[in-house]
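Here is data.cif, consisting of mmCIF, C-alpha atoms:
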```
data_structure
loop_
_atom_site.label_atom_id
_atom_site.label_comp_id
_atom_site.auth_asym_id
_atom_site.auth_seq_id
_atom_site.Cartn_x
_atom_site.Cartn_y
_atom_site.Cartn_z
CA MET A 274 -4.67 -23.96 20.65
CA ASP A 275 -7.59 -26.12 19.62
CA ASP A 276 -6.86 -27.34 16.06
CA THR A 277 -10.36 -28.76 15.58
CA ARG A 278 -12.01 -25.51 16.59
CA ILE A 279 -9.70 -23.51 14.29
CA ARG A 280 -10.34 -25.87 11.37
CA GLN A 281 -14.13 -25.74 11.82
CA SER A 282 -14.48 -21.99 12.19
CA LEU A 283 -12.11 -21.00 9.36
CA ARG A 284 -13.48 -23.61 6.96
CA GLN A 285 -17.02 -22.41 7.65
CA PHE A 286 -15.95 -18.80 7.05
CA ILE A 287 -14.21 -19.60 3.75
CA ARG A 288 -17.17 -21.60 2.43
CA ARG A 289 -19.67 -18.93 3.41
CA HIS A 290 -17.65 -16.22 1.64
CA ARG A 291 -16.54 -18.22 -1.40
CA THR A 292 -18.12 -15.75 -3.87
CA ASN A 293 -16.65 -12.71 -2.13
CA PHE A 294 -13.19 -14.29 -2.24
CA GLN A 295 -13.40 -14.51 -6.04
CA TYR A 296 -13.48 -10.69 -6.22
CA LEU A 297 -10.68 -10.10 -3.71
CA PRO A 298 -7.65 -10.28 -6.09
CA THR A 299 -9.17 -7.58 -8.34
CA ILE A 300 -10.06 -5.41 -5.36
CA GLN A 301 -6.52 -5.77 -3.96
CA SER A 302 -4.99 -4.42 -7.19
CA GLN A 303 -7.45 -1.55 -7.55
CA LEU A 304 -6.98 -0.44 -3.97
CA LEU A 305 -3.21 -0.39 -4.23
CA GLU A 306 -3.49 2.19 -7.02
CA LEU A 307 -6.07 4.16 -5.07
CA GLY A 308 -4.09 3.81 -1.84
CA ALA A 309 -1.00 5.41 -3.39
CA LEU A 310 -3.11 8.39 -4.42
CA VAL A 311 -4.82 8.63 -1.04
CA ILE A 312 -1.56 8.46 0.94
CA THR A 313 -0.11 11.25 -1.22
CA VAL A 314 -3.07 13.54 -0.75
CA GLU A 315 -3.14 12.76 3.01
CA HIS A 316 0.52 13.78 3.24
CA TYR A 317 -0.29 17.24 1.90
CA ARG A 318 -3.49 17.58 3.94
CA LEU A 319 -1.46 16.89 7.10
CA ALA A 320 1.02 19.56 5.99
CA GLY A 321 -1.79 22.12 5.92
CA TYR A 322 -2.70 22.08 2.25
CA GLY A 323 -6.28 22.41 1.06
CA VAL A 324 -7.24 19.50 -1.15
CA ALA A 325 -9.70 19.73 -4.04
CA PRO A 326 -10.62 17.09 -6.60
CA THR A 327 -10.50 18.57 -10.08
CA ASN A 328 -12.11 17.59 -13.37
CA LEU A 329 -14.75 15.38 -11.75
CA ILE A 330 -16.81 13.49 -14.26
CA GLN A 331 -20.49 13.39 -13.24
CA GLY A 332 -19.41 13.90 -9.64
CA ARG A 333 -16.97 11.00 -9.84
CA PHE A 334 -13.23 11.11 -9.40
CA LYS A 335 -12.12 9.15 -12.45
CA VAL A 336 -8.74 7.57 -11.73
CA LYS A 337 -6.35 7.17 -14.65
CA ARG A 338 -5.19 3.59 -14.33
CA SER A 339 -2.63 3.11 -17.08
CA SER A 340 -0.46 4.90 -19.60
CA ALA A 341 -3.36 4.81 -22.08
CA GLY A 342 -5.74 7.76 -22.34
CA TYR A 343 -5.36 11.53 -22.30
CA PRO A 344 -4.95 13.06 -18.84
CA TRP A 345 -7.71 15.62 -19.43
CA ARG A 346 -10.23 12.79 -19.58
CA PHE A 347 -9.49 11.86 -15.98
CA SER A 348 -9.58 13.57 -12.58
CA TRP A 349 -6.74 14.80 -10.38
CA PHE A 350 -6.27 16.61 -7.07
CA THR A 351 -5.27 20.24 -6.74
CA ILE A 352 -3.49 21.05 -3.48
CA GLU A 353 -3.01 24.58 -2.23
CA ARG A 354 -1.38 26.24 0.77
CA GLY A 355 -1.00 30.00 0.71
CA ALA A 356 0.65 30.93 -2.56
CA GLN A 357 1.78 27.37 -3.22
CA ARG A 358 -0.32 25.28 -5.57
CA PHE A 359 0.41 21.87 -7.07
CA GLU A 360 -1.42 19.04 -8.80
CA VAL A 361 -1.51 15.32 -8.01
CA HIS A 362 -2.08 13.10 -11.06
CA THR A 363 -2.19 9.34 -11.52
CA ASN A 364 -0.35 7.44 -14.26
CA LEU A 365 1.14 10.58 -15.70
CA LYS A 366 3.64 10.35 -18.55
CA VAL A 367 6.79 12.32 -17.69
CA ALA A 368 10.00 12.97 -19.62
CA GLY A 369 13.19 11.48 -18.22
CA ALA A 370 15.80 13.75 -16.68
CA HIS A 371 18.67 12.97 -19.03
CA GLY A 372 17.54 14.66 -22.21
CA ASP A 373 16.81 11.47 -24.12
CA ASP A 374 13.46 10.56 -25.65
CA ALA A 375 12.46 8.27 -22.83
CA SER A 376 9.12 8.79 -21.09
CA TYR A 377 8.12 7.25 -17.77
CA VAL A 378 4.59 6.68 -16.52
CA LEU A 379 4.51 7.40 -12.81
CA ASP A 380 1.76 5.87 -10.66
CA VAL A 381 1.26 9.13 -8.75
CA ALA A 382 2.96 12.35 -9.81
CA VAL A 383 3.01 15.70 -8.03
CA CYS A 384 3.68 18.55 -10.45
CA ARG A 385 3.49 22.31 -10.88
CA PRO A 386 -0.02 23.53 -11.62
CA ASP A 387 -1.53 24.10 -15.06
CA ARG A 388 1.20 22.17 -16.89
CA VAL A 389 -1.07 19.24 -17.75
CA PRO A 390 -3.78 20.32 -20.20
CA THR A 391 -7.33 20.33 -18.85
CA ALA A 392 -8.80 19.93 -22.35
CA ARG A 393 -7.50 18.72 -25.69
CA PRO A 394 -4.80 21.27 -26.57
CA ALA A 395 -4.34 22.86 -30.02
CA ASN A 396 -0.84 21.40 -30.22
CA ALA A 397 -0.28 17.77 -29.39
CA TRP A 398 0.70 17.18 -25.75
CA SER A 399 2.58 13.99 -25.06
CA ARG A 400 4.14 14.26 -21.63
CA LEU A 401 5.04 16.47 -18.70
CA ARG A 402 8.42 18.20 -18.93
CA ASN A 403 10.77 16.78 -16.34
CA GLU A 404 11.39 20.24 -14.79
CA GLU A 405 7.67 20.50 -13.93
CA LEU A 406 7.70 17.29 -11.88
CA ILE A 407 8.05 17.80 -8.13
CA THR A 408 7.95 14.26 -6.79
CA TRP A 409 6.22 10.94 -7.33
CA VAL A 410 5.14 7.53 -6.00
CA GLU A 411 5.52 4.03 -7.42
CA ALA A 412 3.09 1.43 -6.03
CA LYS A 413 3.72 -2.31 -6.04
CA LYS A 414 1.77 -5.27 -4.73
CA LEU A 415 5.01 -7.02 -3.84
CA VAL A 416 7.20 -7.94 -0.92
CA VAL A 417 10.08 -5.45 -0.69
CA TYR A 418 13.04 -7.56 -1.77
CA PRO A 419 16.42 -5.97 -2.59
CA MET A 420 15.75 -6.45 -6.32
CA LEU A 421 12.60 -4.33 -6.08
CA LEU A 422 14.58 -1.61 -4.28
CA ALA A 423 17.26 -1.74 -6.98
CA GLN A 424 14.62 -1.39 -9.69
CA PHE A 425 13.12 1.59 -7.85
CA ILE A 426 16.53 3.27 -7.55
CA GLY A 427 16.90 2.79 -11.31
CA ILE A 428 13.68 4.74 -11.91
CA VAL A 429 14.82 7.49 -9.52
CA HIS A 430 18.10 7.69 -11.43
CA GLU A 431 16.30 8.18 -14.75
CA VAL A 432 13.49 10.47 -13.59
CA SER A 433 14.75 12.38 -10.54
CA PRO A 434 18.51 11.83 -10.19
CA ARG A 435 18.98 14.87 -7.97
CA PHE A 436 17.46 12.81 -5.13
CA LEU A 437 20.42 10.43 -5.33
CA ALA A 438 23.11 13.10 -5.34
CA GLY A 439 23.29 16.84 -4.96
CA ARG A 440 20.92 19.40 -3.53
CA LEU A 441 17.19 19.19 -3.14
CA PRO A 442 15.24 21.60 -5.36
CA TRP A 443 14.75 25.09 -3.93
CA GLY A 444 11.67 25.25 -1.64
CA PHE A 445 11.26 21.46 -1.55
CA ALA A 446 11.43 21.20 2.25
CA ARG A 447 9.59 24.51 2.78
CA ASP A 448 6.66 23.23 0.75
CA HIS A 449 6.64 19.92 2.66
CA HIS A 450 7.12 17.74 -0.38
CA PHE A 451 8.23 14.16 0.12
CA ALA A 452 11.04 12.43 -1.76
CA PRO A 453 10.29 9.90 -4.53
CA THR A 454 8.55 7.02 -2.82
CA LEU A 455 8.02 3.31 -3.26
CA VAL A 456 4.82 2.06 -1.56
CA THR A 457 3.96 -1.60 -1.31
CA THR A 458 1.35 -3.72 0.39
CA GLY A 459 4.06 -6.31 1.05
CA HIS A 460 6.40 -6.47 3.99
CA LEU A 461 10.06 -5.51 4.08
CA ALA A 462 12.09 -8.69 3.50
CA ALA A 463 14.93 -9.24 5.92
CA GLY A 464 17.74 -8.38 3.46
CA SER A 465 16.01 -5.15 2.47
CA ARG A 466 16.42 -3.54 5.89
CA ASP A 467 20.16 -3.31 5.41
CA VAL A 468 19.66 -2.00 1.89
CA CYS A 469 17.38 0.78 3.22
CA ARG A 470 19.91 1.66 5.93
CA GLY A 471 22.53 1.80 3.18
CA PHE A 472 20.40 4.29 1.24
CA VAL A 473 20.34 6.56 4.28
CA ARG A 474 24.13 6.28 4.69
CA ARG A 475 24.62 7.13 1.02
CA ASN A 476 22.38 10.18 1.41
CA PHE A 477 19.78 8.95 -1.08
CA ARG A 478 16.65 11.03 -0.58
CA ILE A 479 13.98 8.41 -1.17
CA VAL A 480 11.16 6.89 0.88
CA VAL A 481 10.11 3.25 1.15
CA VAL A 482 6.66 2.53 2.59
CA PRO A 483 6.11 -1.18 3.16
CA ASP A 484 2.75 -2.35 4.54
CA LEU A 485 0.83 0.55 3.04
CA ASP A 486 -2.36 -0.56 4.79
CA VAL A 487 -0.72 -0.15 8.20
CA SER A 488 0.30 3.41 7.33
CA LEU A 489 -3.20 4.27 6.22
CA ALA A 490 -4.85 2.57 9.19
CA GLU A 491 -2.69 4.65 11.53
CA LEU A 492 -3.95 7.83 9.93
CA GLN A 493 -7.36 7.23 11.47
CA HIS A 494 -6.08 6.78 15.02
CA GLY A 495 -5.64 9.83 17.19
CA PRO A 496 -4.39 13.14 15.91
CA ALA A 497 -2.68 12.07 12.70
CA ALA A 498 0.17 14.44 13.20
CA ARG A 499 2.78 12.86 11.00
CA SER A 500 2.80 12.10 7.32
CA PRO A 501 2.67 8.41 6.48
CA PHE A 502 5.82 8.93 4.42
CA VAL A 503 7.73 10.24 7.42
CA ASP A 504 6.29 7.51 9.65
CA ALA A 505 7.38 4.76 7.30
CA MET A 506 11.02 5.83 7.37
CA VAL A 507 10.91 6.19 11.16
CA ARG A 508 9.59 2.61 11.37
CA ILE A 509 12.27 1.26 9.06
CA ALA A 510 14.96 3.04 11.05
CA ALA A 511 13.63 1.38 14.21
CA ILE A 512 13.74 -2.16 12.83
CA MET B 99 -0.72 -26.81 13.92
CA ASN B 100 1.68 -26.54 11.03
CA GLU B 101 1.99 -25.12 7.51
CA THR B 102 0.15 -28.03 5.86
CA PHE B 103 -2.77 -27.57 8.24
CA VAL B 104 -3.27 -23.99 7.04
CA LEU B 105 -2.75 -24.78 3.35
CA GLU B 106 -5.37 -27.54 3.51
CA LEU B 107 -7.71 -25.14 5.21
CA LEU B 108 -7.25 -22.54 2.48
CA GLY B 109 -7.64 -25.10 -0.31
CA GLU B 110 -10.90 -23.53 -1.49
CA LEU B 111 -9.51 -20.01 -1.93
CA PRO B 112 -8.61 -18.69 -5.41
CA SER B 113 -5.07 -19.77 -6.27
CA THR B 114 -3.59 -16.24 -6.21
CA LEU B 115 -4.76 -15.76 -2.64
CA ARG B 116 -3.56 -19.20 -1.61
CA GLU B 117 -0.15 -18.42 -3.08
CA GLN B 118 0.07 -15.17 -1.13
CA VAL B 119 -0.46 -17.09 2.11
CA ALA B 120 1.88 -19.93 1.13
CA ASN B 121 4.67 -17.52 0.16
CA PHE B 122 4.28 -15.62 3.39
CA MET B 123 4.46 -18.82 5.46
CA ALA B 124 7.65 -19.77 3.62
CA PHE B 125 9.05 -16.32 4.45
CA ALA B 126 8.01 -16.69 8.11
CA ASP B 127 9.64 -20.12 8.24
CA GLU B 128 12.93 -18.67 6.96
CA ALA B 129 12.77 -15.67 9.27
CA ALA B 130 11.74 -17.63 12.40
CA GLU B 131 15.21 -18.27 13.77
CA ALA B 132 16.33 -14.65 13.42
CA ILE B 133 13.09 -13.34 14.91
CA TYR B 134 13.23 -15.56 18.00
CA GLU B 135 16.94 -14.86 18.41
CA SER B 136 16.23 -11.12 18.37
CA LEU B 137 13.53 -11.70 21.00
CA GLY B 138 15.97 -13.66 23.16
CA LEU B 139 13.70 -16.72 23.15
CA GLU B 140 14.39 -20.38 22.44
CA PRO B 141 11.26 -21.83 20.88
CA SER B 142 10.32 -25.50 20.85
CA VAL B 143 9.60 -27.30 17.58
CA GLN B 144 5.90 -27.05 18.41
CA THR B 145 6.20 -23.27 18.80
CA LEU B 146 7.99 -22.97 15.46
CA ASN B 147 5.25 -24.99 13.75
CA ASP B 148 2.54 -22.93 15.43
CA PHE B 149 4.35 -19.72 14.48
CA VAL B 150 4.41 -20.57 10.77
CA ALA B 151 0.75 -21.64 10.82
CA LEU B 152 -0.29 -18.50 12.75
CA ALA B 153 1.72 -16.37 10.33
CA GLY B 154 -0.43 -17.87 7.54
CA ILE B 155 -3.64 -17.03 9.39
CA TRP B 156 -2.32 -13.53 10.13
CA ARG B 157 -1.56 -13.12 6.41
CA LEU B 158 -5.12 -14.17 5.59
CA TRP B 159 -6.34 -11.46 7.95
CA ARG B 160 -3.99 -8.86 6.42
CA MET B 161 -5.06 -9.89 2.93
CA ILE B 162 -8.58 -8.78 3.80
CA ASP B 163 -7.84 -6.01 6.29
CA ALA B 164 -5.26 -4.26 4.05
CA PRO B 165 -7.65 -3.48 1.18
CA PHE B 166 -10.36 -2.73 3.75
CA GLN B 167 -8.14 -0.08 5.37
CA LEU B 168 -7.21 1.33 1.97
CA ALA B 169 -10.90 1.54 1.05
CA GLN B 170 -11.72 3.25 4.36
CA ALA B 171 -8.96 5.79 3.78
CA ALA B 172 -10.31 6.48 0.30
CA VAL B 173 -13.85 6.91 1.66
CA ARG B 174 -12.58 9.28 4.38
CA LEU B 175 -10.86 11.33 1.70
CA LEU B 176 -14.07 11.43 -0.34
CA ASN B 177 -15.95 12.73 2.70
CA THR B 178 -13.70 15.79 2.82
CA THR B 179 -14.21 16.68 -0.84
CA SER B 180 -16.95 17.28 -3.36
CA ALA B 181 -16.37 13.98 -5.15
CA ARG B 182 -19.09 11.37 -4.77
CA GLU B 183 -17.02 8.28 -5.53
CA PHE B 184 -13.80 7.04 -7.09
CA GLU B 185 -14.09 5.38 -10.48
CA LEU B 186 -11.43 2.76 -11.27
CA GLY B 187 -12.28 1.21 -14.60
CA ALA B 188 -15.64 -0.47 -14.16
CA SER B 189 -15.50 -0.35 -10.37
CA LEU B 190 -16.78 2.41 -8.13
CA TYR B 191 -15.51 3.05 -4.62
CA SER B 192 -17.61 4.86 -2.04
CA ALA B 193 -18.96 4.04 1.42
CA GLN B 194 -21.90 2.16 -0.12
CA SER B 195 -20.21 0.58 -3.13
CA GLU B 196 -20.06 -3.15 -3.86
CA PRO B 197 -16.28 -3.63 -3.38
CA VAL B 198 -16.42 -1.88 -0.01
CA ARG B 199 -19.43 -4.00 1.00
CA ILE B 200 -17.55 -7.18 0.00
CA LEU B 201 -14.48 -6.16 2.01
CA SER B 202 -16.56 -5.24 5.02
CA SER B 203 -18.41 -8.56 4.91
CA LEU B 204 -15.17 -10.57 4.55
CA ARG B 205 -13.53 -8.67 7.37
CA SER B 206 -16.37 -9.03 9.87
CA GLY B 207 -16.77 -12.69 8.84
CA LEU B 208 -13.11 -13.46 9.48
CA GLU B 209 -13.10 -11.49 12.72
CA ALA B 210 -16.01 -13.62 13.98
CA ALA B 211 -14.34 -16.84 12.81
CA LEU B 212 -11.14 -15.91 14.66
CA VAL B 213 -13.09 -15.26 17.85
CA GLN B 214 -14.76 -18.67 17.45
CA ALA B 215 -11.33 -20.25 16.87
CA GLU B 216 -10.02 -18.53 20.04
CA LEU B 217 -7.57 -16.55 17.91
CA SER B 218 -9.14 -13.16 18.50
CA SER B 219 -5.73 -11.58 19.13
CA ILE B 220 -4.61 -12.21 15.53
CA PRO B 221 -6.09 -8.96 14.12
CA GLY B 222 -4.23 -6.96 16.75
CA GLN B 223 -0.80 -8.30 15.78
CA ARG B 224 1.21 -5.51 14.18
CA SER B 225 4.20 -7.46 12.92
CA LEU B 226 5.64 -10.92 12.44
CA ARG B 227 7.51 -10.40 15.71
CA ASP B 228 4.16 -9.99 17.48
CA VAL B 229 2.96 -13.23 15.89
CA ALA B 230 6.15 -14.95 17.05
CA LEU B 231 5.60 -13.74 20.61
CA PHE B 232 2.00 -14.88 20.52
CA ALA B 233 2.98 -18.36 19.28
CA TYR B 234 5.60 -18.58 22.02
CA SER B 235 3.19 -17.49 24.75
CA VAL B 236 0.68 -20.15 23.69
CA ALA B 237 3.06 -23.10 23.38
CA ASP B 238 6.07 -22.32 25.56
CA GLY B 239 4.97 -19.42 27.72
#
```
Structure encoded using structure tokens:
Amino acid sequence: MDDTRIRQSLRQFIRRHRTNFQYLPTIQSQLLELGALVITVEHYRLAGYGVAPTNLIQGRFKVKRSSAGYPWRFSWFTIERGAQRFEVHTNLKVAGAHGDDASYVLDVAVCRPDRVPTARPANAWSRLRNEELITWVEAKKLVVYPMLLAQFIGIVHEVSPRFLAGRLPWGFARDHHFAPTLVTTGHLAAGSRDVCRGFVRRNFRIVVVPDLDVSLAELQHGPAARSPFVDAMVRIAAI
Amino acid sequence: MNETFVLELLGELPSTLREQVANFMAFADEAAEAIYESLGLEPSVQTLNDFVALAGIWRLWRMIDAPFQLAQAAVRLLNTTSAREFELGASLYSAQSEPVRILSSLRSGLEAALVQAELSSIPGQRSLRDVALFAYSVADG
């Protein structure tokens, strides 16, 4: 390797693109949120669902980016296959599964249709009932360390505990849903591989997708036959 | 090459980006022994230094390519629907939007710089193991 050549070419590149680099951290964060939504919708498209953006605002798909704001002021995807229809929302407030007052804002939530109001309702609407939630995705711009996995398991325990013990909901596999998923743009740290293997041994039904960009890039190569969620777990198993 | 070489090179990047690269090089440094052991290779000190530095350059590539791939996937999804663009706060994402143009320009710029630096195989590396093999083939192979 020629150190001088490497130094010259990379330095020249960085100087030439100095302004563009200033925007990159913001773009990284925005695209993680969007990527989680895209990977979810792609999963259902690959499973044969029709995909339709709903509640477009002036032709734009307005992504809900935080817990603030009413869901009917933003867009979502409706997915449909035969008689099965579901909705994919971003940053949706959902009741916990244990009957307490806790609410959780999920980055991407798949739920039964027509449960989230499409316009301001007559009676106040605060959150989705837990029973109407099918599955969900949490997105993080972090390396997958064991602590992050533990935090994710904590959310699964509060929101969808049946994925940690017991039976899957009726029709879950038939409808090609995926289990609660953690997606990250970071890599899987060495210690986390064993933790993920442990989850499988303990029959936890969850998915971990490290390197989200790799999963999405692979969707464009060849006949994208497999869901990125399935692929991710196959990759982890092969490590 | 070594870690310091790359950090000096990236001195003009915003600090958050520089940190991402530095953290990744530290991770690569820690993982190096286990990776080479799993590959059945005994690297020289020079190879280990090159590996950590190349891991930093690979991370720089991924830092740009990752959001680029995410943006492309979002644009492909748009093309199959009636939506014109995604709105995320004040930013719009479509094939012609400013963030996508910035990503595309950064990506093609870095690709060209890597060719010039005779590191054109960096974008094709799929994992840290690939980077380790590449470093070994250059120094010890």
### Summary
Correct to one decimal, the distance CA of Pro165 in chain B-CA of Asp127 in chain B is 25.0 Å
### Query
Which residues of chain B are close to chain A, meaning at most 8 Å apart when you count only C-alpha atoms, and how do they look as an MDAnalysis selection string?
chainID B and resid 99 107:108 110:112 114:115 129 162:165 167:169 171:172 175 179:187 197 200:201 204 207:208 211:212 214:216 236
Residue neighbourhood Leu152 in chain B, 12 Å, only C-alpha atoms, exclusion window fewer than 6 positions, as a PDB file with C-alpha atoms, in the frame of the given file:
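Dumped everything to part-v7.pdb:
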```
ATOM      1  CA  MET A 274      -4.670 -23.960  20.650  1.00  0.00           C
ATOM      2  CA  ASP A 276      -6.860 -27.340  16.060  1.00  0.00           C
ATOM      3  CA  ILE A 279      -9.700 -23.510  14.290  1.00  0.00           C
TER       4      ILE A 279
ATOM      5  CA  MET B  99      -0.720 -26.810  13.920  1.00  0.00           C
ATOM      6  CA  ASN B 100       1.680 -26.540  11.030  1.00  0.00           C
ATOM      7  CA  GLU B 101       1.990 -25.120   7.510  1.00  0.00           C
ATOM      8  CA  THR B 102       0.150 -28.030   5.860  1.00  0.00           C
ATOM      9  CA  PHE B 103      -2.770 -27.570   8.240  1.00  0.00           C
ATOM     10  CA  VAL B 104      -3.270 -23.990   7.040  1.00  0.00           C
ATOM     11  CA  LEU B 105      -2.750 -24.780   3.350  1.00  0.00           C
ATOM     12  CA  VAL B 119      -0.460 -17.090   2.110  1.00  0.00           C
ATOM     13  CA  ALA B 120       1.880 -19.930   1.130  1.00  0.00           C
ATOM     14  CA  PHE B 122       4.280 -15.620   3.390  1.00  0.00           C
ATOM     15  CA  MET B 123       4.460 -18.820   5.460  1.00  0.00           C
ATOM     16  CA  ALA B 126       8.010 -16.690   8.110  1.00  0.00           C
ATOM     17  CA  ASP B 127       9.640 -20.120   8.240  1.00  0.00           C
ATOM     18  CA  GLN B 144       5.900 -27.050  18.410  1.00  0.00           C
ATOM     19  CA  THR B 145       6.200 -23.270  18.800  1.00  0.00           C
ATOM     20  CA  LEU B 146       7.990 -22.970  15.460  1.00  0.00           C
ATOM     21  CA  LEU B 158      -5.120 -14.170   5.590  1.00  0.00           C
ATOM     22  CA  TRP B 159      -6.340 -11.460   7.950  1.00  0.00           C
ATOM     23  CA  LEU B 212     -11.140 -15.910  14.660  1.00  0.00           C
ATOM     24  CA  ALA B 215     -11.330 -20.250  16.870  1.00  0.00           C
ATOM     25  CA  LEU B 217      -7.570 -16.550  17.910  1.00  0.00           C
ATOM     26  CA  SER B 218      -9.140 -13.160  18.500  1.00  0.00           C
ATOM     27  CA  SER B 219      -5.730 -11.580  19.130  1.00  0.00           C
ATOM     28  CA  ILE B 220      -4.610 -12.210  15.530  1.00  0.00           C
ATOM     29  CA  PRO B 221      -6.090  -8.960  14.120  1.00  0.00           C
ATOM     30  CA  GLN B 223      -0.800  -8.300  15.780  1.00  0.00           C
ATOM     31  CA  SER B 225       4.200  -7.460  12.920  1.00  0.00           C
ATOM     32  CA  LEU B 226       5.640 -10.920  12.440  1.00  0.00           C
ATOM     33  CA  ARG B 227       7.510 -10.400  15.710  1.00  0.00           C
ATOM     34  CA  ASP B 228       4.160  -9.990  17.480  1.00  0.00           C
ATOM     35  CA  VAL B 229       2.960 -13.230  15.890  1.00  0.00           C
ATOM     36  CA  ALA B 230       6.150 -14.950  17.050  1.00  0.00           C
ATOM     37  CA  LEU B 231       5.600 -13.740  20.610  1.00  0.00           C
ATOM     38  CA  PHE B 232       2.000 -14.880  20.520  1.00  0.00           C
ATOM     39  CA  ALA B 233       2.980 -18.360  19.280  1.00  0.00           C
ATOM     40  CA  TYR B 234       5.600 -18.580  22.020  1.00  0.00           C
ATOM     41  CA  VAL B 236       0.680 -20.150  23.690  1.00  0.00           C
TER      42      VAL B 236
END
```
#### Entry: All residues 6 Å or closer to range 467-478 of chain A, only C-alpha atoms, same chain fewer than 4 positions away omitted, as number ranges by chain
A: 436-437, 452
### Query
Which of these residues is nearest to Phe359 in chain A, using only C-alpha atoms: A:Val480, A:Ala341, A:Ile407, A:Leu319?
A:Ile407
### Query
Mind telling me what the PyMOL selection byres ((chain A and resi 454) around 9) catches here, as a list in words?
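Those residues are Thr408, Trp409, Val410, Glu411, Ala412, Phe425, Phe451, Ala452, Pro453, Leu455, Val456, Ile479, Val480, Val481, Val482 and Phe502 of chain A.
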### Task
Please measure the separation of CA of Ile352 in chain A and CA of Tyr322 in chain A, giving the value in Å to one decimal.
5.9 Å
### Task
Rank nothing, just name the residue among B:Ala124, B:Glu196, B:Tyr191, B:Glu131 nearest to Arg157 in chain B, using all atoms listed in the file.
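Selected residue with least distance to Arg157 in chain B: B:Ala124.
CA of Val367 in chain A is positioned 5.1 Å from CA of Arg400 in chain A.
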